[in-house]
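**Q** I have a structure here, written as structure tokens, and I will follow up with some questions on it.
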Amino acid sequence: MRRPLATYRLQLHAGFGFDAAASIADYIKSLGVSHVYSSPYLQAMPGSKHGYDVADEHHVNLELGGAEAHERFCLRLGECGLGQVLDIVPNHMAVGGRWNRWWWDVLENGLASPYASYFDIDWQSPEERLRNKVLLPVLGDHYGRVLERREIRIVRNGAELTARYHEHELPLAPETIAPLLSRAARKANSDALGFLADSLARLAAIDTSDRQTLVARSRDLAVIRRWLARLLEERADVTAAIDDTLAAINSDADSLDEVLDSQNYRVAYWKAASRDLGYRRFFDINTLVGLRMEREHVFCDTHSLIVQWLRKGVLDGVRVDHPDGLRNPQEYFCRLRREAPDVWIVGEKILEPGEDLPPDWPIEGTTGYDFLNIASQLLVDPSGEAPLTDLYREFTGTEASFEDVAYEKKWVVLRDVLGSDVNRLAAIFQEICERHRDQRDYTRHDLRHAIRTLVASFPIYRTYVRARAGHVTQPDIATVEAAVETACRRRPDIEPQLFRFLGDVLLLRVTGELESDFVMRFQQFTPPAMAKGVEDTAFYTYNRLISLNEVGGDPGRFGISVEEFHAYCDNRHRSWPHTQLAGSTHDTKRSDDVRARIALLAEIPNEWAAAVRRWFAHNERHRSYGLPDPNTEYLLYQTMFGAWPISFERLHQYMLKACREGKERTSWTSPDKNFEDALEEFTRQVCGDAGFLADLEAFTTPLIAPGRINSLTQTLLRMIAPGVPDIYQGTEIWDLSLVDPDNRRPVDYQLRRDLVAELDSLDAAAIMARSDDGLPKLWTIRESLRVRCRNPQCFGPDGRYKPILAEGPRADSLIAFQRGAGVIAAAPRFPLSIARDGWADTFVQLPHGLWRNALVHGQTFDGEVGAEALFSKFPVALLVSSGART
């Protein structure tokens, strides 16, 4: 199997395409990385900054340089000895304009499109007005008002007729074009145009259940268009007649309405999406439509180019985006594995604390958020929980636990953002209840509330019941039953029997064709509720200690023991030894270095509380009518501390996004100008307040070095723990980035090249003296990856994971473990407590033999080693036995 030793994530976009990526391949190799790990680079929507809005599965993104630049990129990677891993997006596609020809075809031809089966569209809506139509919520006002203002027009572009609304262009169904051409034919006295009009009309009568017939229909339609184009070239009077016909229709709202109402789509006010949208989206993004990836022909068509690259060795692996959105992730991974049996596959599966990957997924593991969170928790001193909780309550007035906040925010999102998805599930569930006389009297209102409550009560992203196969696991049962119990407790006004019946359907205790469809759709829906309600809402409003507010994390949990960390790593070594290990990603709320610094606050809760109280009193002068609120202000202070130094522009950009995501005072869909103006002015004033900034710097400056120690600890653990370490672009040196777009700023690779070139001429003391340049982190990464490369027998399934437990008064502040027979990683935690109290004779007992420190050349240890000596010359230690290679 072509497994990576380590990956380096690159975010490709128009400003950093294939040629730019190729130019740094040798630098990436110099870090000890084995594989470049690229963001999606199939053809995305124009201007895409991330590539997850794929519009064409068969071509490489032109904005990145297209196929030729891609070939140069791949050749350059090979010259440098680098493999390649690609991020792929099977769950959804972008739907904008003509870029997605499959979607365009569906809008044009409806169920008669050969691509209608590709997309997760509810063609049989319970509402007659939406049946066999795709709702398109693209209008800036109500449809009738837009029509009266003549903002929608039918236009001709050559032989093609389309509907245009500002930047939106939509196709017209062939059978609705036929009457327009017939009118024009009579006007121009053209039998040829009349014949073409009749041919278009006949296309409406074909059998839409046969895919081959649909393909033949598409060919016929293309022939008709070519003949029409030729006719327009030859007959100016025909062209004029068509244009006159369109002008007449555009000038009459009733005629225009008649044409638009006959389409395979229904244009609507954008707010209609929250209740009436008839297709599955990626979360709440209307322009990303779900794919029916469970259908084999959809899999084959969407993966043809990717599979070709995998088979040819262009790619050694893939990262699968959002597998929880798929109807049957296990089936998908099995198909992918059959097509590419010898490649490295990881899935962006977000595991909640205590959850594990389904053991029957034929993949190597996750993308590493679980490791990221366990490493962050390890740095948090549990003794700080009570005082920081008291401070948060005092400062913000909130008494709610994170569990309560998460439930509340999921409920709000389910009501206000994902309402159309709830309605679709409720419609199916109502049909199920009608078939069971004990349940038939529940109203649609009852069912919507029950579904919202149960989804909001889910403790994890989703279950993995396979309804047709009758496959239900014990974790599935435990998850659903726990959610039912929570729902009954939180909503005593809803009959418990309704929740229990819903749970029975989800666990296949009540079965049927409709029940099976409901189960599979319900499981696809709980992940968006968790992502939008918790990660994109609660994580921006529950601000007790924001280093814990990370994808897949639990801010309600405050620190873990060394033993818990070892148990996690041992499990990963035994079950998923090649899983990916993340520190920062393109989606993290803040970088690993920001989290590492903020974690220090758990060690000094009293000092932090005193500082916050001073700042709150000092900055009273900058508030406008009590705004921003204390919770927002508390988030700002933690952010400034964690990311300092930070400019007003970056800070304001982050705070505005955080508040809109939090949806308490403002939001993306309903921005509150008064609040946002007050927030901007407050941020501007505090960033220009010399007295406040002097106090902030006086508090922060002594904590920069301890924060870096925390960073080195989690960096070393990521490099040496079981799995494949990943480095997000630029984070090989200190990086104090916040959530996107802040973490997608240009990376200065020339600076990093120069720093790498200096490493071999420096000793540990010189590297520490250059700490402000980021050399200690860069050194730790490069030397760790060298050790991994030169001692493969110590890593992977054959390289055991063995905890080494420290002894002495500060044993809980030292993490050490052995990989295989020849490598030991050791690192401290709680650096402020150690600086204050010392190690107090804490030590580790090394296995027999002489051990060399790969991070401090010439330093060796054997037998019993005191922690103070172990970390005397460098903050962390990477020991290699005399029989292994450094």
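Just so we're on the same page: first chain in the structure tokens is A, next is B, and so on; residues restart at 1 for each chain, and ligands are numbered from 1 in the order they show up.
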Near A:Tyr269, counting only C-alpha atoms, which residues have an atom at most 10 Å away, once you skip same-chain residues fewer than 6 positions from it, shown as a VMD selection string?
**A** chain A and resid 135 to 144 146
**Q** Write the residues of the selection above to a file with C-alpha atoms, as a compact mmCIF listing (two decimals), in the first residue's frame.
**A**
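See result-v8.txt below for the written result:
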# COMPACT_ATOMS: atom_id res chain seq x y z
CA LEU A 135 -37.13 25.20 -6.28
CA LEU A 136 -34.49 27.83 -7.07
CA PRO A 137 -34.36 30.45 -4.29
CA VAL A 138 -32.38 33.05 -6.25
CA LEU A 139 -34.67 36.10 -6.23
CA GLY A 140 -34.01 39.16 -4.13
CA ASP A 141 -37.73 39.81 -3.61
CA HIS A 142 -41.06 38.05 -4.03
CA TYR A 143 -41.54 36.52 -7.48
CA GLY A 144 -44.53 38.68 -8.46
CA VAL A 146 -39.64 40.85 -9.48
**Q** Please list as a PDB file with N, CA, C and O atoms, in the first residue's frame every residue within 10 Å of stretch 721-728 of chain A, counting only C-alpha atoms and excluding residues in the same chain fewer than 4 positions away.
**A**
ATOM      1  N   ARG A   3       1.300   4.175   1.356  1.00  0.00           N
ATOM      2  CA  ARG A   3       0.939   5.018   2.503  1.00  0.00           C
ATOM      3  C   ARG A   3       1.949   6.144   2.697  1.00  0.00           C
ATOM      4  O   ARG A   3       3.150   5.939   2.599  1.00  0.00           O
ATOM      5  N   PRO A   4       1.455   7.339   3.035  1.00  0.00           N
ATOM      6  CA  PRO A   4       2.382   8.443   3.300  1.00  0.00           C
ATOM      7  C   PRO A   4       3.120   8.266   4.630  1.00  0.00           C
ATOM      8  O   PRO A   4       2.597   7.655   5.570  1.00  0.00           O
ATOM      9  N   LEU A   5       4.307   8.852   4.695  1.00  0.00           N
ATOM     10  CA  LEU A   5       5.009   8.992   5.968  1.00  0.00           C
ATOM     11  C   LEU A   5       4.507  10.240   6.678  1.00  0.00           C
ATOM     12  O   LEU A   5       4.308  10.251   7.887  1.00  0.00           O
ATOM     13  N   ALA A   6       4.285  11.312   5.906  1.00  0.00           N
ATOM     14  CA  ALA A   6       3.730  12.564   6.426  1.00  0.00           C
ATOM     15  C   ALA A   6       3.175  13.344   5.247  1.00  0.00           C
ATOM     16  O   ALA A   6       3.665  13.217   4.117  1.00  0.00           O
ATOM     17  N   THR A   7       2.165  14.154   5.501  1.00  0.00           N
ATOM     18  CA  THR A   7       1.541  14.945   4.440  1.00  0.00           C
ATOM     19  C   THR A   7       1.704  16.432   4.708  1.00  0.00           C
ATOM     20  O   THR A   7       1.859  16.855   5.858  1.00  0.00           O
ATOM     21  N   TYR A   8       1.666  17.209   3.615  1.00  0.00           N
ATOM     22  CA  TYR A   8       1.739  18.675   3.700  1.00  0.00           C
ATOM     23  C   TYR A   8       0.568  19.229   2.913  1.00  0.00           C
ATOM     24  O   TYR A   8       0.494  19.074   1.687  1.00  0.00           O
ATOM     25  N   ARG A   9      -0.367  19.883   3.602  1.00  0.00           N
ATOM     26  CA  ARG A   9      -1.594  20.367   2.986  1.00  0.00           C
ATOM     27  C   ARG A   9      -1.360  21.686   2.257  1.00  0.00           C
ATOM     28  O   ARG A   9      -0.851  22.657   2.836  1.00  0.00           O
ATOM     29  N   LEU A  10      -1.784  21.734   0.996  1.00  0.00           N
ATOM     30  CA  LEU A  10      -1.740  22.942   0.196  1.00  0.00           C
ATOM     31  C   LEU A  10      -3.151  23.363  -0.195  1.00  0.00           C
ATOM     32  O   LEU A  10      -3.944  22.535  -0.661  1.00  0.00           O
ATOM     33  N   GLN A  11      -3.459  24.642  -0.018  1.00  0.00           N
ATOM     34  CA  GLN A  11      -4.725  25.223  -0.461  1.00  0.00           C
ATOM     35  C   GLN A  11      -4.500  25.880  -1.816  1.00  0.00           C
ATOM     36  O   GLN A  11      -3.866  26.928  -1.902  1.00  0.00           O
ATOM     37  N   VAL A  33       8.728  15.526   4.548  1.00  0.00           N
ATOM     38  CA  VAL A  33       7.383  15.112   4.151  1.00  0.00           C
ATOM     39  C   VAL A  33       7.472  14.163   2.966  1.00  0.00           C
ATOM     40  O   VAL A  33       8.340  14.295   2.103  1.00  0.00           O
ATOM     41  N   HIS A  35       4.401  13.281   1.114  1.00  0.00           N
ATOM     42  CA  HIS A  35       3.294  13.496   0.183  1.00  0.00           C
ATOM     43  C   HIS A  35       2.722  14.903   0.291  1.00  0.00           C
ATOM     44  O   HIS A  35       2.481  15.392   1.402  1.00  0.00           O
ATOM     45  N   VAL A  36       2.512  15.516  -0.856  1.00  0.00           N
ATOM     46  CA  VAL A  36       1.715  16.736  -0.912  1.00  0.00           C
ATOM     47  C   VAL A  36       0.241  16.334  -0.849  1.00  0.00           C
ATOM     48  O   VAL A  36      -0.178  15.370  -1.498  1.00  0.00           O
ATOM     49  N   TYR A  37      -0.501  17.076  -0.067  1.00  0.00           N
ATOM     50  CA  TYR A  37      -1.921  16.790   0.180  1.00  0.00           C
ATOM     51  C   TYR A  37      -2.696  18.026  -0.290  1.00  0.00           C
ATOM     52  O   TYR A  37      -2.677  19.059   0.357  1.00  0.00           O
ATOM     53  N   GLU A 364      -8.131   3.901   6.019  1.00  0.00           N
ATOM     54  CA  GLU A 364      -7.031   3.954   6.990  1.00  0.00           C
ATOM     55  C   GLU A 364      -7.378   4.744   8.246  1.00  0.00           C
ATOM     56  O   GLU A 364      -6.695   4.614   9.256  1.00  0.00           O
ATOM     57  N   GLY A 365      -8.408   5.579   8.187  1.00  0.00           N
ATOM     58  CA  GLY A 365      -8.769   6.330   9.385  1.00  0.00           C
ATOM     59  C   GLY A 365      -9.403   7.661   9.050  1.00  0.00           C
ATOM     60  O   GLY A 365      -9.953   7.858   7.961  1.00  0.00           O
ATOM     61  N   THR A 366      -9.322   8.590   9.983  1.00  0.00           N
ATOM     62  CA  THR A 366      -9.931   9.915   9.843  1.00  0.00           C
ATOM     63  C   THR A 366      -8.897  10.918   9.355  1.00  0.00           C
ATOM     64  O   THR A 366      -7.716  10.590   9.170  1.00  0.00           O
ATOM     65  N   THR A 367      -9.337  12.169   9.204  1.00  0.00           N
ATOM     66  CA  THR A 367      -8.419  13.247   8.814  1.00  0.00           C
ATOM     67  C   THR A 367      -7.779  13.914  10.027  1.00  0.00           C
ATOM     68  O   THR A 367      -7.091  14.918   9.882  1.00  0.00           O
ATOM     69  N   GLY A 368      -8.019  13.391  11.231  1.00  0.00           N
ATOM     70  CA  GLY A 368      -7.201  13.779  12.373  1.00  0.00           C
ATOM     71  C   GLY A 368      -7.768  14.777  13.350  1.00  0.00           C
ATOM     72  O   GLY A 368      -7.067  15.206  14.265  1.00  0.00           O
ATOM     73  N   PHE A 371      -7.453  13.455  16.917  1.00  0.00           N
ATOM     74  CA  PHE A 371      -6.141  13.654  17.553  1.00  0.00           C
ATOM     75  C   PHE A 371      -5.956  15.106  17.963  1.00  0.00           C
ATOM     76  O   PHE A 371      -5.465  15.399  19.059  1.00  0.00           O
ATOM     77  N   HIS A 566      -2.770   8.282  26.591  1.00  0.00           N
ATOM     78  CA  HIS A 566      -2.144   7.000  26.221  1.00  0.00           C
ATOM     79  C   HIS A 566      -3.193   5.999  25.748  1.00  0.00           C
ATOM     80  O   HIS A 566      -2.957   5.249  24.790  1.00  0.00           O
ATOM     81  N   TYR A 568      -6.002   6.624  24.261  1.00  0.00           N
ATOM     82  CA  TYR A 568      -6.395   7.024  22.910  1.00  0.00           C
ATOM     83  C   TYR A 568      -5.350   6.546  21.891  1.00  0.00           C
ATOM     84  O   TYR A 568      -5.697   5.944  20.865  1.00  0.00           O
ATOM     85  N   CYS A 569      -4.082   6.841  22.149  1.00  0.00           N
ATOM     86  CA  CYS A 569      -3.019   6.472  21.208  1.00  0.00           C
ATOM     87  C   CYS A 569      -2.908   4.952  21.055  1.00  0.00           C
ATOM     88  O   CYS A 569      -2.687   4.448  19.946  1.00  0.00           O
ATOM     89  N   ASP A 570      -3.064   4.235  22.137  1.00  0.00           N
ATOM     90  CA  ASP A 570      -2.995   2.772  22.064  1.00  0.00           C
ATOM     91  C   ASP A 570      -4.124   2.233  21.203  1.00  0.00           C
ATOM     92  O   ASP A 570      -3.931   1.317  20.391  1.00  0.00           O
ATOM     93  N   ASN A 571      -5.317   2.801  21.355  1.00  0.00           N
ATOM     94  CA  ASN A 571      -6.444   2.388  20.529  1.00  0.00           C
ATOM     95  C   ASN A 571      -6.174   2.673  19.060  1.00  0.00           C
ATOM     96  O   ASN A 571      -6.464   1.835  18.183  1.00  0.00           O
ATOM     97  N   ARG A 572      -5.631   3.844  18.770  1.00  0.00           N
ATOM     98  CA  ARG A 572      -5.338   4.177  17.377  1.00  0.00           C
ATOM     99  C   ARG A 572      -4.271   3.240  16.809  1.00  0.00           C
ATOM    100  O   ARG A 572      -4.354   2.816  15.657  1.00  0.00           O
ATOM    101  N   HIS A 573      -3.271   2.915  17.598  1.00  0.00           N
ATOM    102  CA  HIS A 573      -2.223   2.016  17.105  1.00  0.00           C
ATOM    103  C   HIS A 573      -2.791   0.650  16.789  1.00  0.00           C
ATOM    104  O   HIS A 573      -2.433   0.019  15.782  1.00  0.00           O
ATOM    105  N   ARG A 574      -3.685   0.156  17.633  1.00  0.00           N
ATOM    106  CA  ARG A 574      -4.246  -1.181  17.425  1.00  0.00           C
ATOM    107  C   ARG A 574      -5.284  -1.208  16.311  1.00  0.00           C
ATOM    108  O   ARG A 574      -5.369  -2.181  15.557  1.00  0.00           O
ATOM    109  N   TRP A 576      -6.350   1.745  14.062  1.00  0.00           N
ATOM    110  CA  TRP A 576      -6.202   2.628  12.903  1.00  0.00           C
ATOM    111  C   TRP A 576      -4.781   3.191  12.865  1.00  0.00           C
ATOM    112  O   TRP A 576      -4.566   4.394  12.979  1.00  0.00           O
ATOM    113  N   PRO A 577      -3.776   2.343  12.658  1.00  0.00           N
ATOM    114  CA  PRO A 577      -2.373   2.796  12.774  1.00  0.00           C
ATOM    115  C   PRO A 577      -1.944   3.784  11.695  1.00  0.00           C
ATOM    116  O   PRO A 577      -0.908   4.436  11.849  1.00  0.00           O
ATOM    117  N   HIS A 578      -2.720   3.907  10.608  1.00  0.00           N
ATOM    118  CA  HIS A 578      -2.343   4.820   9.524  1.00  0.00           C
ATOM    119  C   HIS A 578      -3.328   5.973   9.383  1.00  0.00           C
ATOM    120  O   HIS A 578      -3.397   6.611   8.320  1.00  0.00           O
ATOM    121  N   THR A 579      -4.073   6.264  10.431  1.00  0.00           N
ATOM    122  CA  THR A 579      -4.970   7.411  10.410  1.00  0.00           C
ATOM    123  C   THR A 579      -4.168   8.696  10.292  1.00  0.00           C
ATOM    124  O   THR A 579      -2.975   8.738  10.595  1.00  0.00           O
ATOM    125  N   GLN A 580      -4.819   9.761   9.863  1.00  0.00           N
ATOM    126  CA  GLN A 580      -4.125  11.042   9.756  1.00  0.00           C
ATOM    127  C   GLN A 580      -4.175  11.781  11.095  1.00  0.00           C
ATOM    128  O   GLN A 580      -5.134  11.633  11.858  1.00  0.00           O
ATOM    129  N   LEU A 581      -3.128  12.558  11.364  1.00  0.00           N
ATOM    130  CA  LEU A 581      -3.019  13.324  12.603  1.00  0.00           C
ATOM    131  C   LEU A 581      -2.933  14.803  12.252  1.00  0.00           C
ATOM    132  O   LEU A 581      -2.002  15.227  11.574  1.00  0.00           O
ATOM    133  N   ALA A 582      -3.898  15.591  12.707  1.00  0.00           N
ATOM    134  CA  ALA A 582      -3.960  17.012  12.345  1.00  0.00           C
ATOM    135  C   ALA A 582      -3.544  17.889  13.518  1.00  0.00           C
ATOM    136  O   ALA A 582      -3.716  17.537  14.688  1.00  0.00           O
ATOM    137  N   GLY A 583      -3.012  19.072  13.176  1.00  0.00           N
ATOM    138  CA  GLY A 583      -2.731  20.109  14.160  1.00  0.00           C
ATOM    139  C   GLY A 583      -3.557  21.338  13.842  1.00  0.00           C
ATOM    140  O   GLY A 583      -4.370  21.801  14.620  1.00  0.00           O
ATOM    141  N   SER A 584      -3.336  21.872  12.648  1.00  0.00           N
ATOM    142  CA  SER A 584      -4.176  22.921  12.069  1.00  0.00           C
ATOM    143  C   SER A 584      -4.697  22.410  10.737  1.00  0.00           C
ATOM    144  O   SER A 584      -4.041  21.602  10.074  1.00  0.00           O
ATOM    145  N   THR A 585      -5.864  22.883  10.333  1.00  0.00           N
ATOM    146  CA  THR A 585      -6.410  22.561   9.016  1.00  0.00           C
ATOM    147  C   THR A 585      -7.011  23.823   8.414  1.00  0.00           C
ATOM    148  O   THR A 585      -7.075  24.869   9.061  1.00  0.00           O
ATOM    149  N   HIS A 586      -7.509  23.685   7.180  1.00  0.00           N
ATOM    150  CA  HIS A 586      -8.178  24.809   6.541  1.00  0.00           C
ATOM    151  C   HIS A 586      -9.492  25.137   7.219  1.00  0.00           C
ATOM    152  O   HIS A 586     -10.065  26.209   6.988  1.00  0.00           O
ATOM    153  N   SER A 591      -5.518  28.293  14.908  1.00  0.00           N
ATOM    154  CA  SER A 591      -4.369  27.421  14.654  1.00  0.00           C
ATOM    155  C   SER A 591      -3.934  26.691  15.918  1.00  0.00           C
ATOM    156  O   SER A 591      -4.317  27.030  17.036  1.00  0.00           O
ATOM    157  N   THR A 715       3.203  19.410  18.829  1.00  0.00           N
ATOM    158  CA  THR A 715       3.857  19.121  17.553  1.00  0.00           C
ATOM    159  C   THR A 715       4.610  17.802  17.612  1.00  0.00           C
ATOM    160  O   THR A 715       4.491  16.955  16.715  1.00  0.00           O
ATOM    161  N   LEU A 716       5.408  17.607  18.657  1.00  0.00           N
ATOM    162  CA  LEU A 716       6.154  16.354  18.787  1.00  0.00           C
ATOM    163  C   LEU A 716       5.206  15.167  18.897  1.00  0.00           C
ATOM    164  O   LEU A 716       5.424  14.118  18.268  1.00  0.00           O
ATOM    165  N   LEU A 717       4.146  15.310  19.671  1.00  0.00           N
ATOM    166  CA  LEU A 717       3.196  14.208  19.808  1.00  0.00           C
ATOM    167  C   LEU A 717       2.588  13.866  18.450  1.00  0.00           C
ATOM    168  O   LEU A 717       2.405  12.686  18.126  1.00  0.00           O
ATOM    169  N   GLU A 732       4.591  25.123   9.765  1.00  0.00           N
ATOM    170  CA  GLU A 732       5.827  24.513  10.233  1.00  0.00           C
ATOM    171  C   GLU A 732       6.651  25.479  11.078  1.00  0.00           C
ATOM    172  O   GLU A 732       7.605  25.060  11.740  1.00  0.00           O
ATOM    173  N   ASN A 743      -6.826  31.925   7.976  1.00  0.00           N
ATOM    174  CA  ASN A 743      -5.840  30.852   7.873  1.00  0.00           C
ATOM    175  C   ASN A 743      -5.528  30.469   6.430  1.00  0.00           C
ATOM    176  O   ASN A 743      -4.859  29.464   6.178  1.00  0.00           O
ATOM    177  N   ILE A 781       9.820  19.447  13.752  1.00  0.00           N
ATOM    178  CA  ILE A 781       9.138  18.748  12.656  1.00  0.00           C
ATOM    179  C   ILE A 781      10.149  18.027  11.772  1.00  0.00           C
ATOM    180  O   ILE A 781      10.002  16.828  11.489  1.00  0.00           O
ATOM    181  N   LEU A 785      10.503  13.891  11.521  1.00  0.00           N
ATOM    182  CA  LEU A 785      10.204  13.175  10.290  1.00  0.00           C
ATOM    183  C   LEU A 785      11.429  12.418   9.782  1.00  0.00           C
ATOM    184  O   LEU A 785      11.295  11.352   9.158  1.00  0.00           O
ATOM    185  N   PHE A 795       7.365   2.380  13.469  1.00  0.00           N
ATOM    186  CA  PHE A 795       6.090   3.035  13.259  1.00  0.00           C
ATOM    187  C   PHE A 795       5.156   2.116  12.473  1.00  0.00           C
ATOM    188  O   PHE A 795       5.556   1.082  11.975  1.00  0.00           O
ATOM    189  N   GLY A 796       3.916   2.477  12.349  1.00  0.00           N
ATOM    190  CA  GLY A 796       2.958   1.632  11.677  1.00  0.00           C
ATOM    191  C   GLY A 796       2.513   0.490  12.569  1.00  0.00           C
ATOM    192  O   GLY A 796       2.771   0.468  13.781  1.00  0.00           O
ATOM    193  N   PRO A 797       1.832  -0.509  11.996  1.00  0.00           N
ATOM    194  CA  PRO A 797       1.265  -1.597  12.811  1.00  0.00           C
ATOM    195  C   PRO A 797       2.303  -2.382  13.596  1.00  0.00           C
ATOM    196  O   PRO A 797       2.016  -2.893  14.677  1.00  0.00           O
ATOM    197  N   GLY A 799       5.175  -1.224  14.781  1.00  0.00           N
ATOM    198  CA  GLY A 799       5.875  -0.424  15.788  1.00  0.00           C
ATOM    199  C   GLY A 799       4.973  -0.185  16.979  1.00  0.00           C
ATOM    200  O   GLY A 799       4.086   0.658  16.951  1.00  0.00           O
ATOM    201  N   ARG A 800       5.172  -0.932  18.023  1.00  0.00           N
ATOM    202  CA  ARG A 800       4.251  -0.885  19.160  1.00  0.00           C
ATOM    203  C   ARG A 800       4.199   0.511  19.780  1.00  0.00           C
ATOM    204  O   ARG A 800       5.115   1.314  19.633  1.00  0.00           O
ATOM    205  N   TYR A 801       3.106   0.751  20.482  1.00  0.00           N
ATOM    206  CA  TYR A 801       2.968   1.976  21.270  1.00  0.00           C
ATOM    207  C   TYR A 801       2.991   1.562  22.742  1.00  0.00           C
ATOM    208  O   TYR A 801       2.147   0.788  23.189  1.00  0.00           O
ATOM    209  N   PHE A 817       6.246   8.244  25.635  1.00  0.00           N
ATOM    210  CA  PHE A 817       5.845   6.935  25.098  1.00  0.00           C
ATOM    211  C   PHE A 817       6.911   6.437  24.149  1.00  0.00           C
ATOM    212  O   PHE A 817       7.723   7.212  23.623  1.00  0.00           O
ATOM    213  N   GLN A 818       6.908   5.145  23.939  1.00  0.00           N
ATOM    214  CA  GLN A 818       7.904   4.492  23.095  1.00  0.00           C
ATOM    215  C   GLN A 818       7.221   3.956  21.843  1.00  0.00           C
ATOM    216  O   GLN A 818       6.119   3.413  21.904  1.00  0.00           O
ATOM    217  N   ARG A 819       7.888   4.138  20.703  1.00  0.00           N
ATOM    218  CA  ARG A 819       7.433   3.555  19.436  1.00  0.00           C
ATOM    219  C   ARG A 819       8.424   2.484  19.020  1.00  0.00           C
ATOM    220  O   ARG A 819       9.609   2.741  18.864  1.00  0.00           O
ATOM    221  N   ALA A 825       9.339   9.486  22.559  1.00  0.00           N
ATOM    222  CA  ALA A 825       8.986  10.907  22.576  1.00  0.00           C
ATOM    223  C   ALA A 825       8.649  11.290  24.006  1.00  0.00           C
ATOM    224  O   ALA A 825       7.959  10.548  24.718  1.00  0.00           O
TER     225      ALA A 825
END
**Q** Could the residues of stretch 4-110 of chain A that have an atom at most 12 Å from stretch 310-313 of chain A be listed as CSV, each with its closest atom pair and the distance in Å to one decimal, counting only C-alpha atoms and ordered by chain and ascending residue number?
**A**
residue,atom,partner,partner_atom,distance
A:Cys74,CA,A:Gly313,CA,10.2
A:Leu75,CA,A:Gly313,CA,11.6
A:Gly78,CA,A:Gly313,CA,10.4
A:Leu82,CA,A:Gly313,CA,11.7
A:Gly83,CA,A:Gly313,CA,8.7
A:Gln84,CA,A:Gly313,CA,8.9
A:Val85,CA,A:Leu310,CA,9.6
A:Leu86,CA,A:Leu310,CA,9.8
**Q** Find the residues around stretch 447-452 of chain A up to 9 Å (only C-alpha atoms counted), leave out those fewer than 3 positions away in its own chain, and share them as a PyMOL selection string.
**A** chain A and resi 410-411+414-415+422-423+425-427+429-430+442-444+455-457+487+491+494+498-499+502
**Q** Using only C-alpha atoms, which protein or nucleic acid residues come within 7 Å of A:Arg462? Drop anything in the same chain fewer than 3 positions from it, and give the result as a list in words.
**A**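 My list of contacting residues is Gln523, Thr526 and Pro527 of chain A.
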**Q** Restricting the output to N, CA, C and O atoms, write the selected residues as a PDB file, in the first residue's frame.
**A**
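Written out: selection.pdb:
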ATOM      1  N   GLN A 523     -30.434   9.807   8.735  1.00  0.00           N
ATOM      2  CA  GLN A 523     -29.015   9.700   9.063  1.00  0.00           C
ATOM      3  C   GLN A 523     -28.168  10.693   8.273  1.00  0.00           C
ATOM      4  O   GLN A 523     -27.113  11.123   8.753  1.00  0.00           O
ATOM      5  N   THR A 526     -28.719  14.353  10.340  1.00  0.00           N
ATOM      6  CA  THR A 526     -28.157  14.709  11.644  1.00  0.00           C
ATOM      7  C   THR A 526     -26.766  15.350  11.546  1.00  0.00           C
ATOM      8  O   THR A 526     -26.443  16.215  12.367  1.00  0.00           O
ATOM      9  N   PRO A 527     -25.906  14.997  10.563  1.00  0.00           N
ATOM     10  CA  PRO A 527     -24.607  15.687  10.476  1.00  0.00           C
ATOM     11  C   PRO A 527     -24.703  17.184  10.203  1.00  0.00           C
ATOM     12  O   PRO A 527     -24.013  17.969  10.875  1.00  0.00           O
TER      13      PRO A 527
END
**Q** Set the distance at 12 Å and use only C-alpha atoms: which residues neighbour A:Arg660 once local chain neighbours fewer than 6 positions away are removed? I'd like the list as a PyMOL selection string.
**A** chain A and resi 536-538+540-541+632+653-654+666-673+675-676+679
**Q** Show me, as a PyMOL selection string, the residues that have an atom within 12 Å of stretch 59-62 of chain A when counting only C-alpha atoms, minus same-chain residues fewer than 5 positions from it.
**A** chain A and resi 12-14+17-18+39-54+67-71+99-100+302-306+309
**Q** What does the distance from atom CA of A:Leu814 to atom CA of A:Gly838 come to in Å, to one decimal?
**A** 12.3 Å
**Q** Give the answer as one residue: which of A:Gly470, A:Gly552, A:Gly325, A:Pro492 has the shortest atom-to-atom distance to A:Ser376, using only C-alpha atoms?
**A** A:Gly552
**Q** Could you jot down the atom CA of A:Ser34 to atom CA of A:Gly81 separation for me, Å, one decimal place?
**A**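 That distance, rounded to one decimal, is 7.5 Å.
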**Q** Measuring atom to atom with only C-alpha atoms, identify which of A:Ser182, A:Ser274, A:Thr700, A:Gln377 is nearest to A:Asp554.
**A**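 That would be A:Gln377, the residue with the smallest distance to A:Asp554.
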**Q** Quick one: DSSP alpha helix (DSSP H) residues in stretch 657-863 of chain A, as a ChimeraX atom specification?
**A** /A:657-662,673-687,690-720,749-759,764-769,775-790,831-837
**Q** Work out how far atom CA of A:Thr780 is from atom CA of A:Phe830, in Å to one decimal.
**A**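 About the pair atom CA of A:Phe830 and atom CA of A:Thr780: they are 19.3 Å apart.
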